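Dumped input.txt below, it's compact mmCIF, N, CA and C atoms:
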# COMPACT_ATOMS: atom_id res chain seq x y z
N MET J 1 -56.33 -192.63 -174.95
CA MET J 1 -55.36 -191.63 -175.35
C MET J 1 -54.08 -191.83 -174.54
N THR J 2 -52.95 -191.75 -175.20
CA THR J 2 -51.67 -191.86 -174.51
C THR J 2 -51.28 -190.52 -173.93
N ASN J 3 -50.45 -190.58 -172.91
CA ASN J 3 -50.01 -189.36 -172.25
C ASN J 3 -48.53 -189.51 -171.96
N LEU J 4 -47.69 -189.08 -172.89
CA LEU J 4 -46.25 -189.12 -172.69
C LEU J 4 -45.88 -187.94 -171.80
N THR J 5 -45.18 -188.20 -170.72
CA THR J 5 -44.91 -187.12 -169.77
C THR J 5 -43.46 -186.65 -169.75
N PHE J 6 -42.50 -187.52 -170.04
CA PHE J 6 -41.11 -187.08 -170.10
C PHE J 6 -40.27 -188.19 -170.72
N ILE J 7 -39.03 -187.85 -171.03
CA ILE J 7 -38.06 -188.81 -171.54
C ILE J 7 -36.79 -188.67 -170.71
N SER J 8 -36.11 -189.77 -170.50
CA SER J 8 -34.87 -189.75 -169.71
C SER J 8 -33.73 -190.31 -170.54
N PRO J 9 -32.72 -189.50 -170.85
CA PRO J 9 -31.55 -190.05 -171.50
C PRO J 9 -30.91 -191.11 -170.60
N PHE J 10 -30.26 -192.07 -171.19
CA PHE J 10 -29.60 -193.15 -170.46
C PHE J 10 -28.12 -193.10 -170.83
N PHE J 11 -27.28 -192.69 -169.89
CA PHE J 11 -25.86 -192.53 -170.15
C PHE J 11 -25.06 -193.64 -169.50
N ILE J 12 -24.20 -194.30 -170.27
CA ILE J 12 -23.23 -195.22 -169.71
C ILE J 12 -22.12 -194.36 -169.10
N VAL J 13 -21.78 -194.62 -167.85
CA VAL J 13 -20.79 -193.81 -167.15
C VAL J 13 -19.63 -194.68 -166.66
N SER J 14 -18.53 -194.04 -166.34
CA SER J 14 -17.36 -194.76 -165.81
C SER J 14 -17.54 -195.11 -164.35
N ASN J 15 -18.11 -194.18 -163.59
CA ASN J 15 -18.26 -194.37 -162.15
C ASN J 15 -19.55 -193.68 -161.69
N VAL J 16 -20.50 -194.45 -161.19
CA VAL J 16 -21.80 -193.89 -160.81
C VAL J 16 -21.65 -192.84 -159.72
N LYS J 17 -20.83 -193.08 -158.72
CA LYS J 17 -20.71 -192.12 -157.63
C LYS J 17 -20.15 -190.78 -158.12
N THR J 18 -19.17 -190.82 -159.00
CA THR J 18 -18.60 -189.60 -159.56
C THR J 18 -19.64 -188.85 -160.39
N SER J 19 -20.38 -189.57 -161.20
CA SER J 19 -21.40 -188.95 -162.04
C SER J 19 -22.51 -188.34 -161.20
N VAL J 20 -23.01 -189.09 -160.23
CA VAL J 20 -24.07 -188.59 -159.36
C VAL J 20 -23.60 -187.34 -158.63
N SER J 21 -22.38 -187.34 -158.17
CA SER J 21 -21.83 -186.18 -157.46
C SER J 21 -21.83 -184.95 -158.36
N PHE J 22 -21.45 -185.10 -159.63
CA PHE J 22 -21.46 -183.96 -160.55
C PHE J 22 -22.86 -183.40 -160.68
N TYR J 23 -23.82 -184.26 -160.94
CA TYR J 23 -25.19 -183.79 -161.16
C TYR J 23 -25.80 -183.16 -159.91
N THR J 24 -25.51 -183.72 -158.75
CA THR J 24 -26.11 -183.17 -157.52
C THR J 24 -25.36 -181.93 -157.04
N ASP J 25 -24.03 -181.99 -157.01
CA ASP J 25 -23.24 -180.88 -156.47
C ASP J 25 -23.16 -179.67 -157.40
N LYS J 26 -23.03 -179.92 -158.69
CA LYS J 26 -22.84 -178.83 -159.65
C LYS J 26 -24.14 -178.35 -160.29
N LEU J 27 -25.07 -179.29 -160.56
CA LEU J 27 -26.26 -178.92 -161.33
C LEU J 27 -27.55 -178.87 -160.52
N GLY J 28 -27.45 -179.17 -159.23
CA GLY J 28 -28.64 -179.06 -158.38
C GLY J 28 -29.68 -180.14 -158.58
N PHE J 29 -29.26 -181.27 -159.14
CA PHE J 29 -30.17 -182.40 -159.32
C PHE J 29 -30.32 -183.13 -157.98
N GLN J 30 -31.34 -183.95 -157.89
CA GLN J 30 -31.58 -184.80 -156.73
C GLN J 30 -31.40 -186.26 -157.16
N VAL J 31 -31.00 -187.10 -156.25
CA VAL J 31 -30.95 -188.53 -156.53
C VAL J 31 -32.36 -189.07 -156.38
N ARG J 32 -32.89 -189.62 -157.46
CA ARG J 32 -34.24 -190.20 -157.42
C ARG J 32 -34.18 -191.69 -157.13
N HIS J 33 -33.08 -192.31 -157.51
CA HIS J 33 -32.85 -193.72 -157.19
C HIS J 33 -31.37 -194.02 -157.39
N ILE J 34 -30.86 -194.91 -156.57
CA ILE J 34 -29.50 -195.42 -156.76
C ILE J 34 -29.50 -196.84 -156.23
N GLY J 35 -28.82 -197.71 -156.93
CA GLY J 35 -28.83 -199.10 -156.46
C GLY J 35 -27.83 -199.97 -157.21
N PRO J 36 -27.65 -201.17 -156.74
CA PRO J 36 -28.20 -201.68 -155.48
C PRO J 36 -27.48 -201.06 -154.28
N ASP J 37 -28.08 -201.22 -153.12
CA ASP J 37 -27.57 -200.56 -151.91
C ASP J 37 -26.13 -200.91 -151.58
N ASN J 38 -25.76 -202.18 -151.72
CA ASN J 38 -24.42 -202.60 -151.29
C ASN J 38 -23.30 -202.18 -152.23
N ASP J 39 -23.59 -202.01 -153.52
CA ASP J 39 -22.56 -201.62 -154.49
C ASP J 39 -23.24 -200.97 -155.69
N PRO J 40 -23.63 -199.69 -155.58
CA PRO J 40 -24.42 -199.06 -156.63
C PRO J 40 -23.69 -199.00 -157.97
N TYR J 41 -24.41 -199.34 -159.02
CA TYR J 41 -23.88 -199.22 -160.37
C TYR J 41 -24.84 -198.50 -161.30
N TRP J 42 -26.02 -198.12 -160.80
CA TRP J 42 -26.92 -197.31 -161.61
C TRP J 42 -27.72 -196.35 -160.75
N ALA J 43 -28.14 -195.26 -161.39
CA ALA J 43 -28.86 -194.23 -160.66
C ALA J 43 -29.77 -193.45 -161.60
N ILE J 44 -30.75 -192.81 -160.99
CA ILE J 44 -31.58 -191.84 -161.70
C ILE J 44 -31.42 -190.53 -160.94
N VAL J 45 -31.01 -189.49 -161.65
CA VAL J 45 -30.91 -188.16 -161.06
C VAL J 45 -31.88 -187.25 -161.80
N GLY J 46 -32.39 -186.24 -161.11
CA GLY J 46 -33.34 -185.37 -161.78
C GLY J 46 -33.48 -184.03 -161.11
N ARG J 47 -34.08 -183.14 -161.86
CA ARG J 47 -34.38 -181.80 -161.37
C ARG J 47 -35.64 -181.35 -162.09
N ASP J 48 -36.57 -180.81 -161.32
CA ASP J 48 -37.86 -180.40 -161.87
C ASP J 48 -38.49 -181.59 -162.59
N ASN J 49 -38.82 -181.45 -163.88
CA ASN J 49 -39.50 -182.52 -164.60
C ASN J 49 -38.60 -183.40 -165.45
N ILE J 50 -37.30 -183.28 -165.28
CA ILE J 50 -36.41 -184.09 -166.11
C ILE J 50 -35.62 -185.07 -165.26
N SER J 51 -35.24 -186.16 -165.89
CA SER J 51 -34.41 -187.18 -165.24
C SER J 51 -33.35 -187.66 -166.22
N ILE J 52 -32.25 -188.13 -165.66
CA ILE J 52 -31.19 -188.75 -166.46
C ILE J 52 -30.82 -190.05 -165.74
N MET J 53 -30.76 -191.13 -166.52
CA MET J 53 -30.35 -192.41 -165.97
C MET J 53 -28.85 -192.58 -166.21
N LEU J 54 -28.16 -193.08 -165.21
CA LEU J 54 -26.71 -193.28 -165.27
C LEU J 54 -26.41 -194.73 -164.91
N LYS J 55 -25.54 -195.38 -165.68
CA LYS J 55 -25.23 -196.77 -165.37
C LYS J 55 -23.79 -197.09 -165.74
N ALA J 56 -23.07 -197.68 -164.77
CA ALA J 56 -21.73 -198.19 -165.02
C ALA J 56 -21.90 -199.67 -165.40
N ILE J 57 -21.49 -200.04 -166.59
CA ILE J 57 -21.71 -201.39 -167.10
C ILE J 57 -20.58 -202.33 -166.68
N ALA J 58 -19.37 -202.02 -167.11
CA ALA J 58 -18.19 -202.82 -166.82
C ALA J 58 -16.97 -201.94 -167.10
N PRO J 59 -15.84 -202.25 -166.48
CA PRO J 59 -14.65 -201.39 -166.67
C PRO J 59 -14.25 -201.21 -168.14
N ASP J 60 -14.51 -202.20 -168.99
CA ASP J 60 -14.11 -202.07 -170.39
C ASP J 60 -15.19 -201.45 -171.27
N ILE J 61 -16.36 -201.15 -170.71
CA ILE J 61 -17.43 -200.46 -171.45
C ILE J 61 -17.39 -198.99 -171.05
N LYS J 62 -16.88 -198.18 -171.95
CA LYS J 62 -16.64 -196.76 -171.66
C LYS J 62 -17.77 -195.88 -172.20
N PRO J 63 -17.94 -194.70 -171.62
CA PRO J 63 -18.89 -193.73 -172.17
C PRO J 63 -18.48 -193.33 -173.59
N VAL J 64 -19.47 -193.10 -174.45
CA VAL J 64 -19.20 -192.66 -175.81
C VAL J 64 -20.13 -191.48 -176.13
N PRO J 65 -19.77 -190.29 -175.65
CA PRO J 65 -20.60 -189.11 -175.94
C PRO J 65 -20.66 -188.83 -177.44
N ASN J 66 -21.79 -188.31 -177.89
CA ASN J 66 -21.98 -188.01 -179.31
C ASN J 66 -20.85 -187.18 -179.92
N PRO J 67 -20.39 -186.11 -179.25
CA PRO J 67 -19.36 -185.29 -179.88
C PRO J 67 -18.06 -186.05 -180.17
N THR J 68 -17.81 -187.15 -179.48
CA THR J 68 -16.60 -187.93 -179.76
C THR J 68 -16.76 -188.76 -181.03
N ARG J 69 -18.00 -188.93 -181.48
CA ARG J 69 -18.26 -189.74 -182.67
C ARG J 69 -18.37 -188.91 -183.94
N HIS J 70 -18.93 -187.70 -183.81
CA HIS J 70 -19.05 -186.86 -185.01
C HIS J 70 -19.29 -185.41 -184.61
N GLU J 71 -18.62 -184.50 -185.31
CA GLU J 71 -18.73 -183.07 -184.99
C GLU J 71 -20.14 -182.52 -185.22
N TRP J 72 -20.94 -183.18 -186.05
CA TRP J 72 -22.30 -182.71 -186.30
C TRP J 72 -23.28 -183.17 -185.23
N ALA J 73 -22.79 -183.89 -184.26
CA ALA J 73 -23.63 -184.34 -183.14
C ALA J 73 -23.05 -183.74 -181.86
N PRO J 74 -23.21 -182.42 -181.68
CA PRO J 74 -22.51 -181.75 -180.58
C PRO J 74 -23.10 -181.99 -179.20
N TRP J 75 -24.34 -182.49 -179.11
CA TRP J 75 -24.98 -182.66 -177.81
C TRP J 75 -25.42 -184.11 -177.60
N ASP J 76 -25.47 -184.48 -176.35
CA ASP J 76 -26.06 -185.77 -175.97
C ASP J 76 -27.47 -185.60 -175.45
N ALA J 77 -27.80 -184.40 -175.00
CA ALA J 77 -29.16 -184.11 -174.54
C ALA J 77 -29.43 -182.62 -174.66
N TYR J 78 -30.65 -182.32 -175.07
CA TYR J 78 -31.17 -180.96 -175.07
C TYR J 78 -32.13 -180.89 -173.89
N ILE J 79 -31.89 -179.95 -172.99
CA ILE J 79 -32.74 -179.79 -171.82
C ILE J 79 -33.38 -178.41 -171.91
N SER J 80 -34.69 -178.42 -172.08
CA SER J 80 -35.44 -177.18 -172.23
C SER J 80 -35.54 -176.46 -170.90
N THR J 81 -35.28 -175.17 -170.92
CA THR J 81 -35.42 -174.34 -169.73
C THR J 81 -36.03 -173.00 -170.13
N ALA J 82 -36.95 -172.52 -169.33
CA ALA J 82 -37.63 -171.26 -169.63
C ALA J 82 -36.69 -170.07 -169.48
N GLU J 83 -35.71 -170.17 -168.57
CA GLU J 83 -34.81 -169.05 -168.28
C GLU J 83 -33.35 -169.48 -168.34
N PRO J 84 -32.81 -169.67 -169.54
CA PRO J 84 -31.42 -170.13 -169.64
C PRO J 84 -30.40 -169.17 -169.02
N ASP J 85 -30.66 -167.87 -169.09
CA ASP J 85 -29.71 -166.91 -168.52
C ASP J 85 -29.59 -167.08 -167.00
N ALA J 86 -30.73 -167.24 -166.32
CA ALA J 86 -30.72 -167.42 -164.87
C ALA J 86 -30.06 -168.74 -164.49
N LEU J 87 -30.34 -169.80 -165.25
CA LEU J 87 -29.73 -171.09 -164.95
C LEU J 87 -28.22 -171.04 -165.19
N PHE J 88 -27.80 -170.35 -166.25
CA PHE J 88 -26.37 -170.17 -166.51
C PHE J 88 -25.69 -169.50 -165.32
N GLU J 89 -26.31 -168.45 -164.79
CA GLU J 89 -25.73 -167.75 -163.63
C GLU J 89 -25.65 -168.66 -162.41
N GLU J 90 -26.69 -169.47 -162.19
CA GLU J 90 -26.68 -170.41 -161.06
C GLU J 90 -25.52 -171.40 -161.21
N TYR J 91 -25.41 -171.99 -162.40
CA TYR J 91 -24.36 -172.99 -162.62
C TYR J 91 -22.97 -172.35 -162.56
N GLN J 92 -22.84 -171.15 -163.06
CA GLN J 92 -21.57 -170.43 -163.00
C GLN J 92 -21.15 -170.24 -161.54
N SER J 93 -22.11 -169.89 -160.69
CA SER J 93 -21.79 -169.69 -159.26
C SER J 93 -21.45 -171.02 -158.56
N ASN J 94 -21.84 -172.15 -159.16
CA ASN J 94 -21.49 -173.48 -158.63
C ASN J 94 -20.14 -173.97 -159.15
N GLY J 95 -19.47 -173.16 -159.96
CA GLY J 95 -18.17 -173.55 -160.47
C GLY J 95 -18.20 -174.47 -161.67
N VAL J 96 -19.33 -174.53 -162.37
CA VAL J 96 -19.43 -175.37 -163.56
C VAL J 96 -18.55 -174.78 -164.66
N LEU J 97 -17.84 -175.66 -165.36
CA LEU J 97 -17.07 -175.26 -166.53
C LEU J 97 -17.94 -175.48 -167.76
N PHE J 98 -17.99 -174.51 -168.64
CA PHE J 98 -18.87 -174.56 -169.81
C PHE J 98 -18.08 -174.85 -171.08
N LYS J 99 -18.68 -175.66 -171.94
CA LYS J 99 -18.12 -175.85 -173.28
C LYS J 99 -18.39 -174.59 -174.10
N LYS J 100 -19.61 -174.05 -173.93
CA LYS J 100 -19.98 -172.77 -174.55
C LYS J 100 -20.84 -172.02 -173.54
N PRO J 101 -20.48 -170.78 -173.23
CA PRO J 101 -21.30 -170.00 -172.29
C PRO J 101 -22.62 -169.60 -172.95
N ILE J 102 -23.43 -168.89 -172.22
CA ILE J 102 -24.74 -168.46 -172.72
C ILE J 102 -24.56 -167.73 -174.05
N HIS J 103 -25.37 -168.11 -175.04
CA HIS J 103 -25.26 -167.52 -176.38
C HIS J 103 -26.52 -167.84 -177.18
N ASP J 104 -26.67 -167.17 -178.31
CA ASP J 104 -27.70 -167.49 -179.29
C ASP J 104 -27.00 -168.25 -180.41
N ASN J 105 -27.44 -169.48 -180.67
CA ASN J 105 -26.74 -170.28 -181.68
C ASN J 105 -27.38 -170.14 -183.07
N THR J 106 -26.81 -170.81 -184.04
CA THR J 106 -27.28 -170.72 -185.42
C THR J 106 -28.62 -171.39 -185.64
N ASP J 107 -29.09 -172.19 -184.69
CA ASP J 107 -30.42 -172.81 -184.78
C ASP J 107 -31.49 -171.94 -184.11
N ASN J 108 -31.12 -170.71 -183.76
CA ASN J 108 -32.02 -169.76 -183.09
C ASN J 108 -32.44 -170.25 -181.70
N LEU J 109 -31.51 -170.88 -181.01
CA LEU J 109 -31.72 -171.30 -179.63
C LEU J 109 -30.85 -170.45 -178.73
N ARG J 110 -31.35 -170.09 -177.57
CA ARG J 110 -30.57 -169.38 -176.57
C ARG J 110 -30.26 -170.36 -175.46
N GLY J 111 -28.98 -170.50 -175.14
CA GLY J 111 -28.61 -171.43 -174.10
C GLY J 111 -27.12 -171.56 -173.94
N PHE J 112 -26.73 -172.64 -173.28
CA PHE J 112 -25.31 -172.88 -173.00
C PHE J 112 -25.06 -174.38 -173.01
N GLU J 113 -23.79 -174.73 -173.18
CA GLU J 113 -23.38 -176.13 -173.22
C GLU J 113 -22.40 -176.41 -172.10
N LEU J 114 -22.54 -177.60 -171.51
CA LEU J 114 -21.57 -178.07 -170.53
C LEU J 114 -21.38 -179.56 -170.70
N ALA J 115 -20.26 -180.05 -170.22
CA ALA J 115 -19.98 -181.49 -170.27
C ALA J 115 -20.02 -182.04 -168.85
N ASP J 116 -20.62 -183.22 -168.71
CA ASP J 116 -20.67 -183.83 -167.38
C ASP J 116 -19.36 -184.56 -167.08
N ALA J 117 -19.32 -185.31 -166.01
CA ALA J 117 -18.09 -185.98 -165.57
C ALA J 117 -17.57 -187.01 -166.57
N ASP J 118 -18.44 -187.50 -167.46
CA ASP J 118 -18.04 -188.49 -168.46
C ASP J 118 -17.93 -187.92 -169.86
N GLY J 119 -18.09 -186.60 -169.99
CA GLY J 119 -17.97 -185.96 -171.28
C GLY J 119 -19.26 -185.83 -172.07
N TYR J 120 -20.39 -186.26 -171.51
CA TYR J 120 -21.67 -186.07 -172.18
C TYR J 120 -21.98 -184.59 -172.20
N VAL J 121 -22.35 -184.08 -173.36
CA VAL J 121 -22.60 -182.65 -173.52
C VAL J 121 -24.10 -182.39 -173.43
N LEU J 122 -24.45 -181.50 -172.51
CA LEU J 122 -25.83 -181.11 -172.29
C LEU J 122 -26.00 -179.67 -172.75
N PHE J 123 -27.06 -179.43 -173.53
CA PHE J 123 -27.42 -178.06 -173.91
C PHE J 123 -28.66 -177.70 -173.11
N PHE J 124 -28.57 -176.63 -172.34
CA PHE J 124 -29.70 -176.11 -171.59
C PHE J 124 -30.15 -174.85 -172.30
N GLY J 125 -31.39 -174.80 -172.78
CA GLY J 125 -31.81 -173.62 -173.49
C GLY J 125 -33.26 -173.65 -173.92
N ARG J 126 -33.57 -172.73 -174.83
CA ARG J 126 -34.92 -172.59 -175.37
C ARG J 126 -34.85 -171.90 -176.72
N PRO J 127 -35.89 -172.07 -177.53
CA PRO J 127 -35.94 -171.30 -178.78
C PRO J 127 -36.07 -169.81 -178.49
N ASN J 128 -35.43 -168.99 -179.30
CA ASN J 128 -35.57 -167.54 -179.16
C ASN J 128 -36.99 -167.15 -179.60
N PRO J 129 -37.58 -166.21 -178.88
CA PRO J 129 -38.94 -165.77 -179.27
C PRO J 129 -38.96 -165.07 -180.61
Written form, structure tokens:
Amino acid sequence: MTNLTFISPFFIVSNVKTSVSFYTDKLGFQVRHIGPDNDPYWAIVGRDNISIMLKAIAPDIKPVPNPTRHEWAPWDAYISTAEPDALFEEYQSNGVLFKKPIHDNTDNLRGFELADADGYVLFFGRPNP
């Protein structure tokens, strides 16, 4: 029997250090890996049971968040959280700027949207009971 335990989005970023700083300083993530030691260009950041991989490829390879490609693709990642209201308050106190504050959307999800340092849009939320 297989046992899938989690999935990690893989985001192409402009600058690994800038991206890692956003996730750790603003969102309370931890650095799970960064490398190589002498000139890091990729990292894994995470919090609780989720991880996000970040990689700077080359100066001419830019991030392409979903919302820049089509309005019907508003998010790059959905991150499930049991208490979106509490997480919203935590992030608000960290000075996070939100694309959409805490709300109930048309898909019957309660949550909020924010953009990371490269414009990737993350939705933190849960289905309404």
Exercise for the section: Tell me, as a list in words, which residues lie within 8 Å of His103 in chain J, counting only N, CA and C atoms; anything in the same chain fewer than 6 positions away does not count. Expected result: Pro84, Asp85, Leu109, Arg110, Gly111, Phe112 and Glu113 of chain J
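The space separating CA of Lys17 in chain J from CA of Asp37 in chain J comes to 12.3 Å.
For the residues J:Phe98, J:Phe22, J:Tyr41, J:Tyr120, ranking by smallest atom-to-atom distance to Ala77 in chain J using all atoms listed in the file places J:Tyr120 first.
Among the residues of range 25-57 of chain J, backbone DSSP assigns strand (DSSP E) to Gln30, Val31, Arg32, His33, Ile34, Gly35, Trp42, Ala43, Ile44, Val45, Gly46, Arg47, Ile50, Ser51, Ile52, Met53, Leu54 and Lys55 of chain J.
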Size and centre in Å, one decimal, axis-aligned box, all listed range 74-90 of chain J atoms plus 5 Å per side, as lines of an AutoDock Vina configuration file:
center_x = -30.1
center_y = -176.3
center_z = -171.4
size_x = 25.1
size_y = 28.9
size_z = 30.6
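The closest residue to Thr24 in chain J, picked from J:Gly46, J:Pro65, J:Pro129, J:Gly119 and counting all atoms listed in the file, is J:Gly46.
Note that atom C of Ala58 in chain J and atom C of His33 in chain J are 19.1 Å apart.
Using only C-alpha atoms for every distance, the candidate list J:Ala117, J:Ile61, J:Ala82, J:Val20 yields J:Val20 as the residue closest to Ile44 in chain J.
Among the residues of chain J, backbone DSSP assigns alpha helix (DSSP H) to J:Val16, J:Lys17, J:Thr18, J:Ser19, J:Val20, J:Ser21, J:Asn66, J:Pro67, J:Thr68, J:Arg69, J:Pro84, J:Asp85, J:Ala86, J:Leu87, J:Phe88, J:Glu89, J:Glu90, J:Tyr91, J:Gln92, J:Ser93.
What separates CA of Arg47 in chain J from CA of Asp107 in chain J is a distance of 25.4 Å.
Compared by their closest atoms to Gly95 in chain J, and using only N, CA and C atoms, the residues J:Lys26, J:Phe6, J:Val45, J:Glu83 rank with J:Lys26 nearest.
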Handout entry: Spatial neighbours of Tyr23 in chain J, max dist 9 Å, only C-alpha atoms, sep filter under 4 positions, as a list in words
Key = Thr18, Ser19, Leu27, Gly28, Phe29, Gln30, Val31, Val45, Gly46, Asp116 and Ala117 of chain J
Exercise for the section: Point out the residue among J:Tyr78, J:Gly125, J:Pro67, J:Ile57 with the least atom-to-atom distance to Pro101 in chain J, counting only C-alpha atoms. Expected result: J:Gly125
Handout entry: Minimum-distance residue to Ser8 in chain J, chosen among J:Tyr91, J:Lys62, J:Ser51, J:Pro74 (using only N, CA and C atoms)
Key = J:Ser51
Problem - For Asp39 in chain J: contacts at 12 Å, only C-alpha atoms, fewer than 4 positions along chain excluded, given as a VMD selection string - result: chain J and resid 15 to 17 34 to 35 43 56
